[in-house]
Structure formats: C-alpha cells, structure tokens
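Structure below is entry_26.txt: compact mmCIF, N, CA and C atoms.
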```txt
# COMPACT_ATOMS: atom_id res chain seq x y z
N MET A 198 -10.57 -73.07 31.88
CA MET A 198 -10.02 -71.89 32.52
C MET A 198 -8.61 -71.68 31.98
N ASN A 199 -8.28 -70.44 31.71
CA ASN A 199 -6.98 -70.16 31.10
C ASN A 199 -5.85 -70.16 32.14
N TYR A 200 -4.65 -70.21 31.63
CA TYR A 200 -3.47 -70.33 32.49
C TYR A 200 -3.30 -69.11 33.41
N GLU A 201 -3.58 -67.92 32.89
CA GLU A 201 -3.38 -66.70 33.69
C GLU A 201 -4.31 -66.66 34.90
N MET A 202 -5.56 -67.13 34.73
CA MET A 202 -6.48 -67.15 35.86
C MET A 202 -6.06 -68.20 36.88
N ARG A 203 -5.60 -69.33 36.41
CA ARG A 203 -5.13 -70.37 37.34
C ARG A 203 -3.89 -69.88 38.09
N GLN A 204 -3.05 -69.13 37.41
CA GLN A 204 -1.88 -68.53 38.04
C GLN A 204 -2.34 -67.53 39.11
N ALA A 205 -3.34 -66.73 38.81
CA ALA A 205 -3.87 -65.77 39.78
C ALA A 205 -4.47 -66.50 40.98
N TYR A 206 -5.19 -67.60 40.73
CA TYR A 206 -5.74 -68.39 41.84
C TYR A 206 -4.62 -68.91 42.74
N THR A 207 -3.52 -69.32 42.13
CA THR A 207 -2.38 -69.81 42.91
C THR A 207 -1.81 -68.69 43.78
N GLU A 208 -1.66 -67.52 43.20
CA GLU A 208 -1.13 -66.39 43.96
C GLU A 208 -2.08 -65.98 45.10
N VAL A 209 -3.37 -65.96 44.80
CA VAL A 209 -4.35 -65.61 45.84
C VAL A 209 -4.31 -66.64 46.96
N TYR A 210 -4.25 -67.90 46.59
CA TYR A 210 -4.21 -68.97 47.60
C TYR A 210 -2.97 -68.84 48.48
N GLN A 211 -1.85 -68.50 47.86
CA GLN A 211 -0.60 -68.32 48.62
C GLN A 211 -0.72 -67.13 49.57
N VAL A 212 -1.31 -66.04 49.11
CA VAL A 212 -1.50 -64.87 49.97
C VAL A 212 -2.41 -65.23 51.14
N LEU A 213 -3.49 -65.94 50.84
CA LEU A 213 -4.43 -66.33 51.90
C LEU A 213 -3.79 -67.25 52.93
N GLU A 214 -2.88 -68.10 52.50
CA GLU A 214 -2.18 -68.98 53.45
C GLU A 214 -1.35 -68.19 54.45
N ASN A 215 -0.91 -67.00 54.06
CA ASN A 215 -0.08 -66.18 54.93
C ASN A 215 -0.90 -65.20 55.78
N MET A 216 -2.21 -65.22 55.64
CA MET A 216 -3.06 -64.30 56.38
C MET A 216 -3.56 -64.95 57.67
N PRO A 217 -3.94 -64.13 58.63
CA PRO A 217 -4.52 -64.68 59.87
C PRO A 217 -5.83 -65.42 59.58
N HIS A 218 -6.12 -66.39 60.42
CA HIS A 218 -7.31 -67.22 60.22
C HIS A 218 -8.61 -66.43 60.30
N GLU A 219 -8.61 -65.33 61.00
CA GLU A 219 -9.84 -64.52 61.10
C GLU A 219 -10.28 -64.00 59.74
N TYR A 220 -9.32 -63.76 58.84
CA TYR A 220 -9.66 -63.34 57.48
C TYR A 220 -10.14 -64.52 56.64
N LEU A 221 -9.47 -65.66 56.79
CA LEU A 221 -9.85 -66.85 56.03
C LEU A 221 -11.26 -67.32 56.40
N ASN A 222 -11.60 -67.21 57.66
CA ASN A 222 -12.91 -67.67 58.12
C ASN A 222 -14.06 -66.86 57.55
N LYS A 223 -13.79 -65.67 57.06
CA LYS A 223 -14.83 -64.82 56.50
C LYS A 223 -15.13 -65.14 55.04
N ILE A 224 -14.23 -65.88 54.39
CA ILE A 224 -14.43 -66.26 52.99
C ILE A 224 -15.21 -67.57 52.95
N PRO A 225 -16.25 -67.66 52.11
CA PRO A 225 -17.01 -68.91 52.03
C PRO A 225 -16.12 -70.09 51.64
N LEU A 226 -16.42 -71.24 52.22
CA LEU A 226 -15.62 -72.44 51.96
C LEU A 226 -15.63 -72.85 50.49
N LYS A 227 -16.74 -72.62 49.82
CA LYS A 227 -16.84 -72.98 48.40
C LYS A 227 -15.80 -72.21 47.57
N ILE A 228 -15.59 -70.95 47.90
CA ILE A 228 -14.60 -70.15 47.18
C ILE A 228 -13.20 -70.67 47.47
N LEU A 229 -12.93 -70.99 48.71
CA LEU A 229 -11.61 -71.53 49.06
C LEU A 229 -11.37 -72.87 48.37
N GLU A 230 -12.41 -73.68 48.26
CA GLU A 230 -12.28 -74.97 47.56
C GLU A 230 -11.97 -74.76 46.08
N ILE A 231 -12.64 -73.80 45.46
CA ILE A 231 -12.38 -73.51 44.04
C ILE A 231 -10.94 -73.06 43.85
N LEU A 232 -10.47 -72.18 44.73
CA LEU A 232 -9.08 -71.73 44.64
C LEU A 232 -8.12 -72.90 44.78
N ARG A 233 -8.39 -73.78 45.74
CA ARG A 233 -7.51 -74.93 45.98
C ARG A 233 -7.51 -75.89 44.80
N GLU A 234 -8.68 -76.12 44.20
CA GLU A 234 -8.78 -77.07 43.09
C GLU A 234 -8.21 -76.51 41.79
N GLU A 235 -8.38 -75.23 41.54
CA GLU A 235 -7.99 -74.64 40.26
C GLU A 235 -6.58 -74.07 40.24
N LYS A 236 -5.93 -73.99 41.37
CA LYS A 236 -4.58 -73.42 41.39
C LYS A 236 -3.60 -74.34 40.68
N LEU A 237 -2.52 -73.78 40.22
CA LEU A 237 -1.47 -74.56 39.55
C LEU A 237 -0.58 -75.19 40.61
N GLN A 238 -0.35 -76.48 40.48
CA GLN A 238 0.46 -77.18 41.47
C GLN A 238 1.96 -76.92 41.30
N ASP A 239 2.37 -76.67 40.06
CA ASP A 239 3.80 -76.50 39.79
C ASP A 239 4.25 -75.04 39.78
N TYR A 240 3.32 -74.11 40.03
CA TYR A 240 3.65 -72.68 40.03
C TYR A 240 4.01 -72.26 41.45
N LYS A 241 5.21 -71.78 41.61
CA LYS A 241 5.69 -71.36 42.94
C LYS A 241 5.90 -69.86 42.94
N ILE A 242 5.46 -69.23 44.00
CA ILE A 242 5.65 -67.79 44.17
C ILE A 242 6.21 -67.56 45.56
N ASN A 243 7.18 -66.69 45.63
CA ASN A 243 7.78 -66.35 46.91
C ASN A 243 7.17 -65.05 47.42
N ILE A 244 6.43 -65.15 48.49
CA ILE A 244 5.83 -63.98 49.09
C ILE A 244 6.53 -63.71 50.41
N ASN A 245 7.07 -62.51 50.51
CA ASN A 245 7.74 -62.10 51.74
C ASN A 245 6.67 -61.57 52.69
N LYS A 246 6.56 -62.19 53.85
CA LYS A 246 5.54 -61.79 54.82
C LYS A 246 5.80 -60.40 55.38
N GLU A 247 7.01 -59.92 55.25
CA GLU A 247 7.36 -58.60 55.78
C GLU A 247 6.87 -57.47 54.88
N ASN A 248 6.70 -57.75 53.58
CA ASN A 248 6.26 -56.72 52.63
C ASN A 248 4.75 -56.69 52.56
N PRO A 249 4.17 -55.50 52.39
CA PRO A 249 2.72 -55.44 52.16
C PRO A 249 2.37 -56.05 50.80
N VAL A 250 1.13 -56.45 50.66
CA VAL A 250 0.70 -57.12 49.43
C VAL A 250 0.88 -56.22 48.22
N ASP A 251 0.62 -54.91 48.37
CA ASP A 251 0.74 -54.03 47.22
C ASP A 251 2.18 -53.81 46.78
N LYS A 252 3.15 -54.19 47.59
CA LYS A 252 4.57 -54.09 47.21
C LYS A 252 5.10 -55.39 46.62
N THR A 253 4.31 -56.45 46.70
CA THR A 253 4.70 -57.74 46.16
C THR A 253 4.34 -57.78 44.68
N LYS A 254 5.13 -58.48 43.90
CA LYS A 254 4.88 -58.58 42.47
C LYS A 254 3.81 -59.63 42.21
N LEU A 255 2.57 -59.17 42.22
CA LEU A 255 1.44 -60.05 41.96
C LEU A 255 0.76 -59.59 40.68
N SER A 256 0.08 -60.52 40.02
CA SER A 256 -0.59 -60.18 38.77
C SER A 256 -1.79 -59.27 39.03
N LYS A 257 -2.23 -58.63 37.97
CA LYS A 257 -3.38 -57.73 38.05
C LYS A 257 -4.64 -58.51 38.46
N GLN A 258 -4.78 -59.72 37.94
CA GLN A 258 -5.93 -60.55 38.29
C GLN A 258 -5.93 -60.89 39.78
N THR A 259 -4.74 -61.18 40.32
CA THR A 259 -4.62 -61.49 41.75
C THR A 259 -5.04 -60.30 42.59
N MET A 260 -4.56 -59.13 42.23
CA MET A 260 -4.91 -57.93 42.98
C MET A 260 -6.41 -57.64 42.89
N THR A 261 -7.00 -57.94 41.74
CA THR A 261 -8.44 -57.74 41.58
C THR A 261 -9.22 -58.68 42.48
N ILE A 262 -8.83 -59.94 42.52
CA ILE A 262 -9.51 -60.92 43.38
C ILE A 262 -9.37 -60.52 44.85
N LEU A 263 -8.19 -60.09 45.25
CA LEU A 263 -7.98 -59.67 46.63
C LEU A 263 -8.81 -58.42 46.96
N ALA A 264 -8.94 -57.53 45.98
CA ALA A 264 -9.77 -56.33 46.19
C ALA A 264 -11.24 -56.73 46.36
N ILE A 265 -11.68 -57.71 45.61
CA ILE A 265 -13.06 -58.19 45.75
C ILE A 265 -13.26 -58.82 47.12
N PHE A 266 -12.31 -59.64 47.54
CA PHE A 266 -12.39 -60.23 48.89
C PHE A 266 -12.44 -59.13 49.95
N ASN A 267 -11.60 -58.13 49.79
CA ASN A 267 -11.57 -57.02 50.75
C ASN A 267 -12.93 -56.34 50.81
N TYR A 268 -13.50 -56.07 49.66
CA TYR A 268 -14.78 -55.37 49.61
C TYR A 268 -15.92 -56.25 50.15
N CYS A 269 -15.97 -57.49 49.72
CA CYS A 269 -17.11 -58.35 50.07
C CYS A 269 -17.03 -58.96 51.47
N TYR A 270 -15.82 -59.28 51.94
CA TYR A 270 -15.73 -60.08 53.16
C TYR A 270 -14.97 -59.41 54.31
N TRP A 271 -14.04 -58.52 54.00
CA TRP A 271 -13.17 -58.03 55.06
C TRP A 271 -13.44 -56.60 55.51
N CYS A 272 -14.33 -55.89 54.86
CA CYS A 272 -14.63 -54.52 55.28
C CYS A 272 -15.28 -54.53 56.67
N PRO A 273 -14.75 -53.73 57.60
CA PRO A 273 -15.26 -53.78 58.97
C PRO A 273 -16.63 -53.14 59.14
N ASN A 274 -16.97 -52.16 58.31
CA ASN A 274 -18.28 -51.50 58.45
C ASN A 274 -18.71 -50.91 57.11
N ILE A 275 -19.93 -50.42 57.10
CA ILE A 275 -20.51 -49.91 55.86
C ILE A 275 -19.82 -48.64 55.37
N LYS A 276 -19.30 -47.83 56.28
CA LYS A 276 -18.61 -46.60 55.88
C LYS A 276 -17.36 -46.92 55.08
N VAL A 277 -16.57 -47.86 55.56
CA VAL A 277 -15.35 -48.27 54.85
C VAL A 277 -15.72 -48.88 53.50
N LYS A 278 -16.79 -49.65 53.50
CA LYS A 278 -17.23 -50.29 52.25
C LYS A 278 -17.65 -49.24 51.23
N ASN A 279 -18.37 -48.22 51.68
CA ASN A 279 -18.78 -47.14 50.78
C ASN A 279 -17.58 -46.35 50.26
N ASP A 280 -16.60 -46.11 51.13
CA ASP A 280 -15.38 -45.41 50.70
C ASP A 280 -14.64 -46.22 49.65
N LEU A 281 -14.53 -47.53 49.87
CA LEU A 281 -13.87 -48.41 48.89
C LEU A 281 -14.63 -48.39 47.56
N TYR A 282 -15.93 -48.41 47.63
CA TYR A 282 -16.75 -48.40 46.43
C TYR A 282 -16.48 -47.14 45.61
N ARG A 283 -16.40 -46.01 46.28
CA ARG A 283 -16.11 -44.75 45.58
C ARG A 283 -14.71 -44.78 44.95
N ILE A 284 -13.76 -45.32 45.67
CA ILE A 284 -12.39 -45.43 45.14
C ILE A 284 -12.37 -46.33 43.91
N TYR A 285 -13.05 -47.48 43.99
CA TYR A 285 -13.09 -48.40 42.86
C TYR A 285 -13.75 -47.76 41.65
N LEU A 286 -14.84 -47.03 41.87
CA LEU A 286 -15.50 -46.34 40.76
C LEU A 286 -14.59 -45.29 40.13
N LYS A 287 -13.89 -44.56 40.98
CA LYS A 287 -12.97 -43.53 40.47
C LYS A 287 -11.85 -44.17 39.65
N ASN A 288 -11.29 -45.28 40.16
CA ASN A 288 -10.23 -45.97 39.44
C ASN A 288 -10.73 -46.51 38.10
N GLU A 289 -11.95 -47.05 38.10
CA GLU A 289 -12.51 -47.57 36.86
C GLU A 289 -12.72 -46.43 35.86
N GLY A 290 -13.19 -45.28 36.36
CA GLY A 290 -13.36 -44.12 35.49
C GLY A 290 -12.05 -43.64 34.91
N ASN A 291 -10.99 -43.64 35.73
CA ASN A 291 -9.67 -43.23 35.25
C ASN A 291 -9.16 -44.18 34.18
N ILE A 292 -9.35 -45.47 34.39
CA ILE A 292 -8.89 -46.45 33.42
C ILE A 292 -9.67 -46.30 32.11
N THR A 293 -10.99 -46.13 32.22
CA THR A 293 -11.81 -45.96 31.03
C THR A 293 -11.40 -44.70 30.26
N LYS A 294 -11.15 -43.62 30.99
CA LYS A 294 -10.72 -42.38 30.36
C LYS A 294 -9.38 -42.56 29.65
N GLU A 295 -8.46 -43.27 30.29
CA GLU A 295 -7.14 -43.51 29.70
C GLU A 295 -7.26 -44.34 28.43
N ILE A 296 -8.11 -45.35 28.45
CA ILE A 296 -8.31 -46.18 27.26
C ILE A 296 -8.90 -45.35 26.13
N GLN A 297 -9.88 -44.51 26.45
CA GLN A 297 -10.50 -43.67 25.43
C GLN A 297 -9.49 -42.71 24.83
N GLU A 298 -8.64 -42.11 25.67
CA GLU A 298 -7.62 -41.19 25.17
C GLU A 298 -6.62 -41.92 24.27
N ASN A 299 -6.22 -43.13 24.66
CA ASN A 299 -5.29 -43.91 23.85
C ASN A 299 -5.90 -44.25 22.49
N LEU A 300 -7.17 -44.64 22.49
CA LEU A 300 -7.84 -44.93 21.22
C LEU A 300 -7.96 -43.69 20.35
N TYR A 301 -8.31 -42.58 20.98
CA TYR A 301 -8.43 -41.32 20.23
C TYR A 301 -7.09 -40.95 19.61
N ASN A 302 -6.02 -41.05 20.39
CA ASN A 302 -4.69 -40.71 19.87
C ASN A 302 -4.27 -41.67 18.77
N LEU A 303 -4.62 -42.92 18.90
CA LEU A 303 -4.28 -43.91 17.88
C LEU A 303 -4.93 -43.55 16.56
N PHE A 304 -6.22 -43.25 16.60
CA PHE A 304 -6.92 -42.91 15.37
C PHE A 304 -6.56 -41.51 14.88
N LYS A 305 -6.27 -40.61 15.79
CA LYS A 305 -5.88 -39.25 15.41
C LYS A 305 -4.56 -39.29 14.63
N ASN A 306 -3.62 -40.13 15.07
CA ASN A 306 -2.34 -40.24 14.39
C ASN A 306 -2.47 -40.88 13.02
N ASN A 307 -3.44 -41.75 12.84
CA ASN A 307 -3.58 -42.48 11.58
C ASN A 307 -4.56 -41.82 10.61
N ILE A 308 -5.28 -40.81 11.02
CA ILE A 308 -6.32 -40.25 10.16
C ILE A 308 -5.76 -39.52 8.95
N ASN A 309 -4.60 -38.92 9.08
CA ASN A 309 -4.02 -38.18 7.96
C ASN A 309 -3.05 -39.01 7.13
N SER A 310 -2.82 -40.23 7.50
CA SER A 310 -1.89 -41.07 6.75
C SER A 310 -2.61 -41.73 5.58
N THR A 311 -1.83 -42.22 4.65
CA THR A 311 -2.40 -42.91 3.50
C THR A 311 -2.06 -44.38 3.61
N PRO A 312 -2.86 -45.23 2.98
CA PRO A 312 -2.57 -46.66 3.01
C PRO A 312 -1.25 -46.98 2.31
N GLN A 313 -0.81 -48.19 2.46
CA GLN A 313 0.49 -48.60 1.91
C GLN A 313 0.53 -48.58 0.39
N ASN A 314 -0.60 -48.73 -0.25
CA ASN A 314 -0.58 -48.73 -1.72
C ASN A 314 -0.70 -47.33 -2.29
N ASN A 315 -0.51 -46.29 -1.47
CA ASN A 315 -0.47 -44.88 -1.86
C ASN A 315 -1.76 -44.37 -2.49
N ILE A 316 -2.87 -44.94 -2.13
CA ILE A 316 -4.17 -44.42 -2.56
C ILE A 316 -4.60 -43.43 -1.48
N PRO A 317 -4.85 -42.17 -1.86
CA PRO A 317 -5.21 -41.19 -0.84
C PRO A 317 -6.55 -41.51 -0.19
N ILE A 318 -6.66 -41.12 1.05
CA ILE A 318 -7.90 -41.32 1.80
C ILE A 318 -8.89 -40.25 1.37
N LYS A 319 -10.11 -40.66 1.06
CA LYS A 319 -11.14 -39.71 0.64
C LYS A 319 -11.76 -39.07 1.87
N ASP A 320 -12.03 -37.78 1.76
CA ASP A 320 -12.65 -37.06 2.87
C ASP A 320 -14.15 -37.31 2.93
N ASN A 321 -14.79 -37.37 1.79
CA ASN A 321 -16.24 -37.53 1.77
C ASN A 321 -16.58 -38.99 1.55
N VAL A 322 -17.19 -39.58 2.54
CA VAL A 322 -17.60 -40.96 2.46
C VAL A 322 -19.09 -41.01 2.75
N THR A 323 -19.82 -41.70 1.90
CA THR A 323 -21.25 -41.83 2.13
C THR A 323 -21.58 -43.29 2.42
N ILE A 324 -22.62 -43.46 3.20
CA ILE A 324 -23.07 -44.80 3.53
C ILE A 324 -24.30 -45.08 2.67
N VAL A 325 -24.25 -46.19 1.98
CA VAL A 325 -25.36 -46.59 1.12
C VAL A 325 -26.07 -47.74 1.81
N LYS A 326 -27.36 -47.57 1.98
CA LYS A 326 -28.16 -48.60 2.61
C LYS A 326 -28.58 -49.60 1.53
N TYR A 327 -28.23 -50.85 1.74
CA TYR A 327 -28.55 -51.90 0.77
C TYR A 327 -29.91 -52.47 1.13
N LYS A 328 -30.80 -52.47 0.14
CA LYS A 328 -32.14 -53.01 0.35
C LYS A 328 -32.28 -54.28 -0.47
N THR A 329 -32.76 -55.31 0.18
CA THR A 329 -32.99 -56.58 -0.49
C THR A 329 -34.37 -56.53 -1.14
N SER A 330 -34.44 -56.93 -2.38
CA SER A 330 -35.73 -56.92 -3.08
C SER A 330 -36.62 -58.01 -2.52
N ILE A 331 -37.91 -57.86 -2.74
CA ILE A 331 -38.88 -58.85 -2.26
C ILE A 331 -38.64 -60.20 -2.92
N PHE A 332 -38.22 -60.18 -4.19
CA PHE A 332 -37.93 -61.43 -4.90
C PHE A 332 -36.75 -62.15 -4.24
N ALA A 333 -35.69 -61.39 -3.90
CA ALA A 333 -34.51 -61.99 -3.26
C ALA A 333 -34.88 -62.55 -1.88
N LYS A 334 -35.77 -61.85 -1.17
CA LYS A 334 -36.20 -62.34 0.14
C LYS A 334 -36.94 -63.66 0.02
N ILE A 335 -37.80 -63.77 -0.98
CA ILE A 335 -38.56 -65.01 -1.18
C ILE A 335 -37.61 -66.14 -1.56
N VAL A 336 -36.66 -65.88 -2.44
CA VAL A 336 -35.70 -66.91 -2.85
C VAL A 336 -34.87 -67.36 -1.65
N ASN A 337 -34.41 -66.42 -0.84
CA ASN A 337 -33.63 -66.78 0.35
C ASN A 337 -34.47 -67.59 1.33
N TRP A 338 -35.75 -67.25 1.48
CA TRP A 338 -36.61 -67.99 2.38
C TRP A 338 -36.82 -69.42 1.87
N LEU A 339 -36.99 -69.58 0.55
CA LEU A 339 -37.17 -70.91 -0.03
C LEU A 339 -35.90 -71.74 0.11
N LYS A 340 -34.74 -71.12 0.02
CA LYS A 340 -33.48 -71.85 0.17
C LYS A 340 -33.34 -72.39 1.58
N LYS A 341 -33.85 -71.65 2.54
CA LYS A 341 -33.76 -72.10 3.94
C LYS A 341 -34.67 -73.28 4.22
N GLN A 342 -35.74 -73.39 3.47
CA GLN A 342 -36.71 -74.46 3.70
C GLN A 342 -36.22 -75.75 3.17
```
Starting from the coordinates I provided, produce the structure as structure tokens.
Amino acid sequence: MNYEMRQAYTEVYQVLENMPHEYLNKIPLKILEILREEKLQDYKININKENPVDKTKLSKQTMTILAIFNYCYWCPNIKVKNDLYRIYLKNEGNITKEIQENLYNLFKNNINSTPQNNIPIKDNVTIVKYKTSIFAKIVNWLKKQ
C-alpha cells in the first residue's frame, strides 16, 4: 500500500475518533480494523472539532473514503441515498468533462507546433497495416517450440 493511502487511512481514523459512537457502530469492524492496522503511526493531523470536515485540510482520498462511508453506512433513508448518488454522478461527470477539455486544449495547442528538430508536421498521415507472411508465422511458431 502506498504512503498516500496510508496517510488517508490515518486522517479517516482521526476523523472517526472525533465522531459520535452511533456513526462508528454503523461501520463494519473489519473496516475499522483495516484502518487501525494500515494507518501511519508517526503521522499527526490536527483536526479542530469546531470546524466541519469539509473546511478541514484533508486529502482527496480521505474525503473520498468519508463520502463512501456516508453513502454506504450513514445515509438515514433511501431518498437521501438517491440524492447523494445523483450528486456523485454529477460530480464525476463534471470531473470527466474537465479532464477531456484539458486534454483537448493540450493537444489543440500542440497540433500546429513543430518538433524541436524543425521538421514540419505532415498533414496527411496514412496507416499501413503490416501483414506477417505465412513463412514468418511458421518460423516464429518454431522458435517458440
């Protein structure tokens, strides 16, 4: 497991320690054990109990884990769960759209440029399909044997 995930587990564990027991009791013990075992012992985070979680400087992974807990274990009824699901889908769509726009802009900016060795970019590019001869296929098969 990488350091960033272990750091997120530590932050989640710290947040959970500051929550009422009614929320902790809804999370399966196996998940709490994994968080306890995988968290970093030397990583300290100061969480102010007066500030809401979304105002605290937590990692993106931590917020994602807490959102999953909220959806899976803490939603009071199916209506709230469905509303959260729609919000999560909308957020995912917005993020996907933003990534696509960034990629498009990246390639759009580079399409008219030339490489560093000043060879112009050709407009017409054709794809040639390479076919292996039957003789080459037999030789390759014999080499594998």
- Task: Figure out the distance between atom C of A:Ile265 and atom CA of A:Ile228, please, to one decimal in Å.
- Result: 11.4 Å
- For atom CA of A:Lys257 and atom CA of A:Tyr210, determine how far apart the two atoms are, in Å to one decimal place.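 One can read the atom CA of A:Lys257 to atom CA of A:Tyr210 distance as 14.8 Å.
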- Query: Which residues come within 8 Å of A:Lys278, counting only N, CA and C atoms, excluding same-chain residues fewer than 6 positions away, as a PyMOL selection string?
  - Reply: chain A and resi 267-269+271-272+284
For the selection you just gave me, I'd like the residues written to a file as a PDB file, in the coordinates of the input, keeping N, CA and C atoms.
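File produced: result_16.pdb:
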```
ATOM      1  N   ASN A 267     -11.600 -58.130  49.790  1.00  0.00           N
ATOM      2  CA  ASN A 267     -11.570 -57.020  50.750  1.00  0.00           C
ATOM      3  C   ASN A 267     -12.930 -56.340  50.810  1.00  0.00           C
ATOM      4  N   TYR A 268     -13.500 -56.070  49.660  1.00  0.00           N
ATOM      5  CA  TYR A 268     -14.780 -55.370  49.610  1.00  0.00           C
ATOM      6  C   TYR A 268     -15.920 -56.250  50.150  1.00  0.00           C
ATOM      7  N   CYS A 269     -15.970 -57.490  49.720  1.00  0.00           N
ATOM      8  CA  CYS A 269     -17.110 -58.350  50.070  1.00  0.00           C
ATOM      9  C   CYS A 269     -17.030 -58.960  51.470  1.00  0.00           C
ATOM     10  N   TRP A 271     -14.040 -58.520  54.000  1.00  0.00           N
ATOM     11  CA  TRP A 271     -13.170 -58.030  55.060  1.00  0.00           C
ATOM     12  C   TRP A 271     -13.440 -56.600  55.510  1.00  0.00           C
ATOM     13  N   CYS A 272     -14.330 -55.890  54.860  1.00  0.00           N
ATOM     14  CA  CYS A 272     -14.630 -54.520  55.280  1.00  0.00           C
ATOM     15  C   CYS A 272     -15.280 -54.530  56.670  1.00  0.00           C
ATOM     16  N   ILE A 284     -13.760 -45.320  45.670  1.00  0.00           N
ATOM     17  CA  ILE A 284     -12.390 -45.430  45.140  1.00  0.00           C
ATOM     18  C   ILE A 284     -12.370 -46.330  43.910  1.00  0.00           C
TER      19      ILE A 284
END
```
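Rounded to one decimal, atom N of A:Lys236 and atom N of A:Arg203 lie 6.8 Å from each other.
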- Item | Surrounding residues of A:Met202 excluding itself and chain neighbours under 6 positions, 9 Å, only C-alpha atoms, as a list in words |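 Contacts, in chain order: Glu235, Lys236, Gln258 and Thr259 of chain A.
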